Each structure stands twice: as C-alpha cells, then as structure tokens.
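Student: Provided below: data.cif, containing mmCIF, C-alpha atoms.
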```
data_structure
#
loop_
_atom_site.group_PDB
_atom_site.id
_atom_site.type_symbol
_atom_site.label_atom_id
_atom_site.label_comp_id
_atom_site.auth_asym_id
_atom_site.auth_seq_id
_atom_site.Cartn_x
_atom_site.Cartn_y
_atom_site.Cartn_z
ATOM 1 C CA LYS K 1 -13.198 6.236 14.879
ATOM 2 C CA SER K 2 -16.673 5.021 15.761
ATOM 3 C CA CYS K 3 -18.084 6.259 12.421
ATOM 4 C CA PHE K 4 -15.761 3.840 10.566
ATOM 5 C CA ARG K 5 -16.739 1.055 12.939
ATOM 6 C CA ARG K 6 -20.444 1.741 12.275
ATOM 7 C CA ALA K 7 -19.796 1.933 8.533
ATOM 8 C CA LYS K 8 -17.938 -1.369 8.649
ATOM 9 C CA GLU K 9 -20.799 -3.026 10.529
ATOM 10 C CA GLY K 10 -23.321 -1.652 8.024
ATOM 11 C CA PHE K 11 -21.328 -2.804 4.997
ATOM 12 C CA VAL K 12 -20.819 -6.239 6.538
ATOM 13 C CA ARG K 13 -24.538 -6.528 7.222
ATOM 14 C CA LEU K 14 -25.545 -5.360 3.733
ATOM 15 C CA LEU K 15 -22.746 -6.684 1.524
ATOM 16 C CA GLY K 16 -20.921 -9.336 3.540
ATOM 17 C CA LYS K 17 -17.591 -9.257 5.358
ATOM 18 C CA ASP K 18 -15.636 -9.894 2.154
ATOM 19 C CA SER K 19 -17.029 -6.936 0.228
ATOM 20 C CA ALA K 20 -14.565 -4.257 -0.838
ATOM 21 C CA LYS K 21 -16.500 -1.564 1.034
ATOM 22 C CA ALA K 22 -16.550 -3.590 4.268
ATOM 23 C CA VAL K 23 -12.821 -4.274 3.959
ATOM 24 C CA GLN K 24 -12.107 -0.585 3.253
ATOM 25 C CA ALA K 25 -14.048 0.362 6.388
ATOM 26 C CA ALA K 26 -12.190 -2.351 8.348
ATOM 27 C CA LEU K 27 -8.876 -0.880 7.140
ATOM 28 C CA GLN K 28 -9.958 2.554 8.371
ATOM 29 C CA VAL K 29 -10.876 1.050 11.753
ATOM 30 C CA ALA K 30 -7.489 -0.732 11.891
ATOM 31 C CA ILE K 31 -5.641 2.519 11.178
ATOM 32 C CA GLN K 32 -7.303 3.984 14.297
ATOM 33 C CA LEU K 33 -6.202 1.183 16.647
ATOM 34 C CA PRO K 34 -4.171 2.487 19.594
ATOM 35 C CA SER K 35 -0.918 0.541 19.158
ATOM 36 C CA ASP K 36 1.331 -0.374 16.260
ATOM 37 C CA ASP K 37 1.195 -4.039 17.259
ATOM 38 C CA GLU K 38 -2.609 -4.034 17.085
ATOM 39 C CA ARG K 39 -2.586 -2.187 13.768
ATOM 40 C CA ILE K 40 -0.035 -4.566 12.270
ATOM 41 C CA ALA K 41 -1.941 -7.639 13.472
ATOM 42 C CA GLU K 42 -5.172 -6.321 11.968
ATOM 43 C CA PHE K 43 -3.464 -5.308 8.710
ATOM 44 C CA ARG K 44 -2.035 -8.844 8.449
ATOM 45 C CA ARG K 45 -5.450 -10.385 9.094
ATOM 46 C CA LEU K 46 -7.083 -8.162 6.484
ATOM 47 C CA TRP K 47 -4.288 -8.840 3.964
ATOM 48 C CA GLU K 48 -4.604 -12.608 4.352
ATOM 49 C CA MET K 49 -8.348 -12.373 3.742
ATOM 50 C CA ALA K 50 -8.313 -9.746 0.975
ATOM 51 C CA LYS K 51 -5.564 -11.258 -1.164
ATOM 52 C CA VAL K 52 -7.728 -14.383 -1.508
ATOM 53 C CA SER K 53 -11.237 -12.927 -1.689
ATOM 54 C CA LEU K 54 -10.565 -9.487 -3.265
ATOM 55 C CA PRO K 55 -7.491 -9.823 -5.527
ATOM 56 C CA GLU K 56 -8.936 -7.400 -8.099
ATOM 57 C CA GLU K 57 -9.833 -4.625 -5.637
ATOM 58 C CA ALA K 58 -7.553 -1.663 -4.927
ATOM 59 C CA VAL K 59 -8.234 -1.864 -1.179
ATOM 60 C CA THR K 60 -6.314 -5.154 -1.079
ATOM 61 C CA TYR K 61 -3.171 -3.310 -2.104
ATOM 62 C CA ASP K 62 -3.892 -0.392 0.237
ATOM 63 C CA ILE K 63 -3.740 -2.949 3.053
ATOM 64 C CA VAL K 64 -0.430 -4.481 2.009
ATOM 65 C CA ASN K 65 0.977 -0.999 1.419
ATOM 66 C CA SER K 66 -0.014 -0.115 5.004
ATOM 67 C CA LEU K 67 1.948 -3.155 6.173
ATOM 68 C CA GLY K 68 4.945 -1.954 4.171
ATOM 69 C CA ILE K 69 4.738 1.461 5.813
ATOM 70 C CA LYS K 70 4.621 -0.044 9.309
ATOM 71 C CA MET K 71 7.565 -2.352 8.614
ATOM 72 C CA GLU K 72 9.568 0.519 7.160
ATOM 73 C CA GLU K 73 8.810 2.653 10.245
ATOM 74 C CA LYS K 74 10.105 -0.191 12.426
ATOM 75 C CA GLY K 75 13.290 -0.525 10.372
ATOM 76 C CA LYS K 76 12.287 -3.954 9.054
ATOM 77 C CA TYR K 77 13.304 -3.102 5.526
ATOM 78 C CA GLU K 78 13.377 -6.590 4.027
ATOM 79 C CA GLU K 79 9.801 -7.221 5.177
ATOM 80 C CA ALA K 80 8.746 -3.739 4.034
ATOM 81 C CA LYS K 81 10.213 -4.455 0.597
ATOM 82 C CA VAL K 82 8.200 -7.683 0.296
ATOM 83 C CA PHE K 83 4.971 -5.874 1.190
ATOM 84 C CA TYR K 84 5.687 -2.914 -1.103
ATOM 85 C CA LEU K 85 6.493 -5.283 -3.992
ATOM 86 C CA ALA K 86 3.163 -7.068 -3.433
ATOM 87 C CA ALA K 87 1.396 -3.691 -3.414
ATOM 88 C CA LEU K 88 3.159 -2.625 -6.607
ATOM 89 C CA GLU K 89 2.341 -5.855 -8.449
ATOM 90 C CA GLY K 90 -1.336 -5.608 -7.504
ATOM 91 C CA GLN K 91 -1.594 -1.894 -8.207
ATOM 92 C CA ARG K 92 -0.051 -2.323 -11.652
ATOM 93 C CA ARG K 93 -2.630 -4.981 -12.454
ATOM 94 C CA VAL K 94 -5.679 -3.327 -10.841
ATOM 95 C CA LEU K 95 -4.978 0.406 -11.162
ATOM 96 C CA GLY K 96 -2.496 0.563 -14.022
ATOM 97 C CA GLU K 97 1.087 1.696 -14.425
ATOM 98 C CA ASN K 98 0.179 5.408 -14.481
ATOM 99 C CA HIS K 99 -1.885 5.559 -11.273
ATOM 100 C CA GLU K 100 -0.560 7.729 -8.443
ATOM 101 C CA LYS K 101 -0.677 4.816 -5.957
ATOM 102 C CA THR K 102 1.377 2.672 -8.334
ATOM 103 C CA LEU K 103 3.931 5.466 -8.634
ATOM 104 C CA ALA K 104 3.980 5.941 -4.849
ATOM 105 C CA SER K 105 4.732 2.229 -4.413
ATOM 106 C CA MET K 106 7.625 2.461 -6.879
ATOM 107 C CA ASN K 107 8.991 5.334 -4.841
ATOM 108 C CA SER K 108 8.477 3.472 -1.539
ATOM 109 C CA ILE K 109 10.457 0.516 -2.851
ATOM 110 C CA GLY K 110 13.215 2.930 -3.862
ATOM 111 C CA VAL K 111 13.292 4.397 -0.354
ATOM 112 C CA VAL K 112 13.482 0.962 1.280
ATOM 113 C CA LEU K 113 16.228 -0.173 -1.090
ATOM 114 C CA GLN K 114 18.127 2.998 -0.275
ATOM 115 C CA HIS K 115 17.831 2.182 3.459
ATOM 116 C CA MET K 116 19.192 -1.273 2.617
ATOM 117 C CA LYS K 117 22.155 0.364 0.812
ATOM 118 C CA ASP K 118 21.014 -1.065 -2.553
ATOM 119 C CA TYR K 119 21.558 2.229 -4.329
ATOM 120 C CA GLU K 120 21.388 0.825 -7.869
ATOM 121 C CA GLY K 121 18.079 -0.910 -7.108
ATOM 122 C CA ALA K 122 16.723 2.250 -5.492
ATOM 123 C CA LEU K 123 17.744 4.342 -8.482
ATOM 124 C CA ASP K 124 16.001 1.900 -10.822
ATOM 125 C CA TYR K 125 12.659 2.278 -8.986
ATOM 126 C CA TYR K 126 13.038 6.055 -8.711
ATOM 127 C CA GLN K 127 13.742 6.255 -12.448
ATOM 128 C CA GLN K 128 10.763 4.040 -13.298
ATOM 129 C CA ALA K 129 8.457 6.334 -11.331
ATOM 130 C CA PHE K 130 10.047 9.435 -12.834
ATOM 131 C CA ARG K 131 9.695 8.159 -16.429
ATOM 132 C CA VAL K 132 5.980 7.450 -15.922
ATOM 133 C CA LYS K 133 5.392 10.827 -14.261
ATOM 134 C CA GLU K 134 7.235 12.592 -17.047
ATOM 135 C CA LYS K 135 5.216 10.710 -19.685
ATOM 136 C CA VAL K 136 1.874 11.370 -17.973
ATOM 137 C CA LEU K 137 2.421 14.853 -16.569
ATOM 138 C CA GLY K 138 4.960 16.278 -19.013
ATOM 139 C CA LYS K 139 8.502 17.558 -18.622
ATOM 140 C CA THR K 140 7.453 20.949 -17.246
ATOM 141 C CA HIS K 141 5.120 19.717 -14.471
ATOM 142 C CA PRO K 142 6.362 20.527 -10.923
ATOM 143 C CA SER K 143 6.480 16.803 -10.076
ATOM 144 C CA THR K 144 8.913 16.114 -12.908
ATOM 145 C CA LEU K 145 11.218 19.111 -12.623
#
```
Produce structure tokens that represent the structure in this file.
Tutor:
Amino acid sequence: KSCFRRAKEGFVRLLGKDSAKAVQAALQVAIQLPSDDERIAEFRRLWEMAKVSLPEEAVTYDIVNSLGIKMEEKGKYEEAKVFYLAALEGQRRVLGENHEKTLASMNSIGVVLQHMKDYEGALDYYQQAFRVKEKVLGKTHPSTL
C-alpha cells in the first residue's frame, strides 16, 4: 500500500497530478482504501478528473470500470450499467474493439443486464464479445469453445 502512495507522490512531483502515471498510482492507492465508501468516493473523484484531463488514456476507463464493479457488488445495477457503458465507449476508442479490457466490459454489461432481467440485452453484449473473441482467437481457442 505505501509503495503505491510513494509512487503516486513521485509521479505527481515529476509529471504533475494529471499525468496518466500519477492517476494510475492514485487508482492503486484507492483500491487499497479500507472501506467501500472510501474507495467509491476516491474512484468518483479520480473519474471526474480523468475524464476531463485524460480522455485518451486507458487508466481513465480503468477507473470508471472500477466504479461499475463497486456498484454491481452493491446491487446498484442501473448505476453499474452507466459506468460500464462509459468504460466500454472509452476502451473502444482508446484500446480498440479487440482488446481484452474492451471485451471484459462487454461481458460486464451483459452480466448487469442479466441481473436487471434484460435477457435480450445481455445476450446481445455476450454475443458481441463472443464474435470478437472468435474472430481474434479462432473457433478452436478455449475461450471460444
């Protein structure tokens, strides 16, 4: 925990608080916070800052994905869906359609929609992820069988 805090301080000093490396270190510090409420508050703070100052950096969408995870864990599926959709949109733009994080976000949206009893919507996201995996990995890869 303290190594991430020291790294964050070093990156802030060298690169500024809005640098991708400083924000990545801040996210790692936030993940270590003792309570969900503290983690969520810090994720929200980081998201508000990063979506403005770092819209073309993958860490921005790691943050909003972390918010989606926390909301899903709390059963706040509508809010989780909003965060996961923001992560997916950013990941598609920054990382590309075929990136594993993009595919994971598609799957996460499917899971949340399934919790919300939107089975057709869930199936659509699952199928999108499957089609990309099949295209990239092939029909005989363990992830596509």
Student: Applied to the shown file, which residues does the PyMOL selection byres ((chain K and resi 21-32) around 10) return, written as a ChimeraX atom specification?
Tutor: /K:1-20,33-36,38-43,46-47,49-50,54,57-60,62-63,66
Student: Which of these residues is nearest to K:Asp118, using all atoms listed in the file: K:Asp37, K:Glu72, K:Glu56, K:Glu78?
Tutor: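 Closest candidate: K:Glu78.
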Student: List the neighbours of stretch 112-116 of chain K out to 7 Å using all atoms listed in the file; skip same-chain residues closer than 6 positions along the sequence, and give me the result as a PDB file with C-alpha atoms, keeping the file's coordinate frame.
Tutor:
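Full text of out15.pdb as output:
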```
ATOM      1  CA  TYR K  77      13.304  -3.102   5.526  1.00  0.00           C
ATOM      2  CA  LYS K  81      10.213  -4.455   0.597  1.00  0.00           C
ATOM      3  CA  ALA K 122      16.723   2.250  -5.492  1.00  0.00           C
TER       4      ALA K 122
END
```
Student: Would you pick out the contacts of K:Leu137 at 12 Å or less, using all atoms listed in the file, so that residues sharing its chain but fewer than 6 positions from it are not included, and give the list as a PyMOL selection string?
Tutor: chain K and resi 98-100+129-131+143-145
Student: Suppose you want the space between atom CA of K:Lys51 and atom CA of K:Gly110; what is it in Å?
Tutor: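 According to the coordinates, atom CA of K:Lys51 and atom CA of K:Gly110 are separated by 23.7 Å.
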Student: Taking into account only C-alpha atoms, which residue in the set K:Val111, K:Gly121, K:Pro55, K:His141 is nearest to K:Leu95?
Tutor: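 Nearest candidate to K:Leu95 out of K:Val111, K:Gly121, K:Pro55, K:His141: K:Pro55.
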Student: Calculated over only C-alpha atoms, which of the candidates K:Ser53, K:Lys135, K:Ile109, K:Tyr61 has the smallest distance to K:Ala80?
Tutor: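 With only C-alpha atoms as the atom set, the closest residue is K:Ile109.
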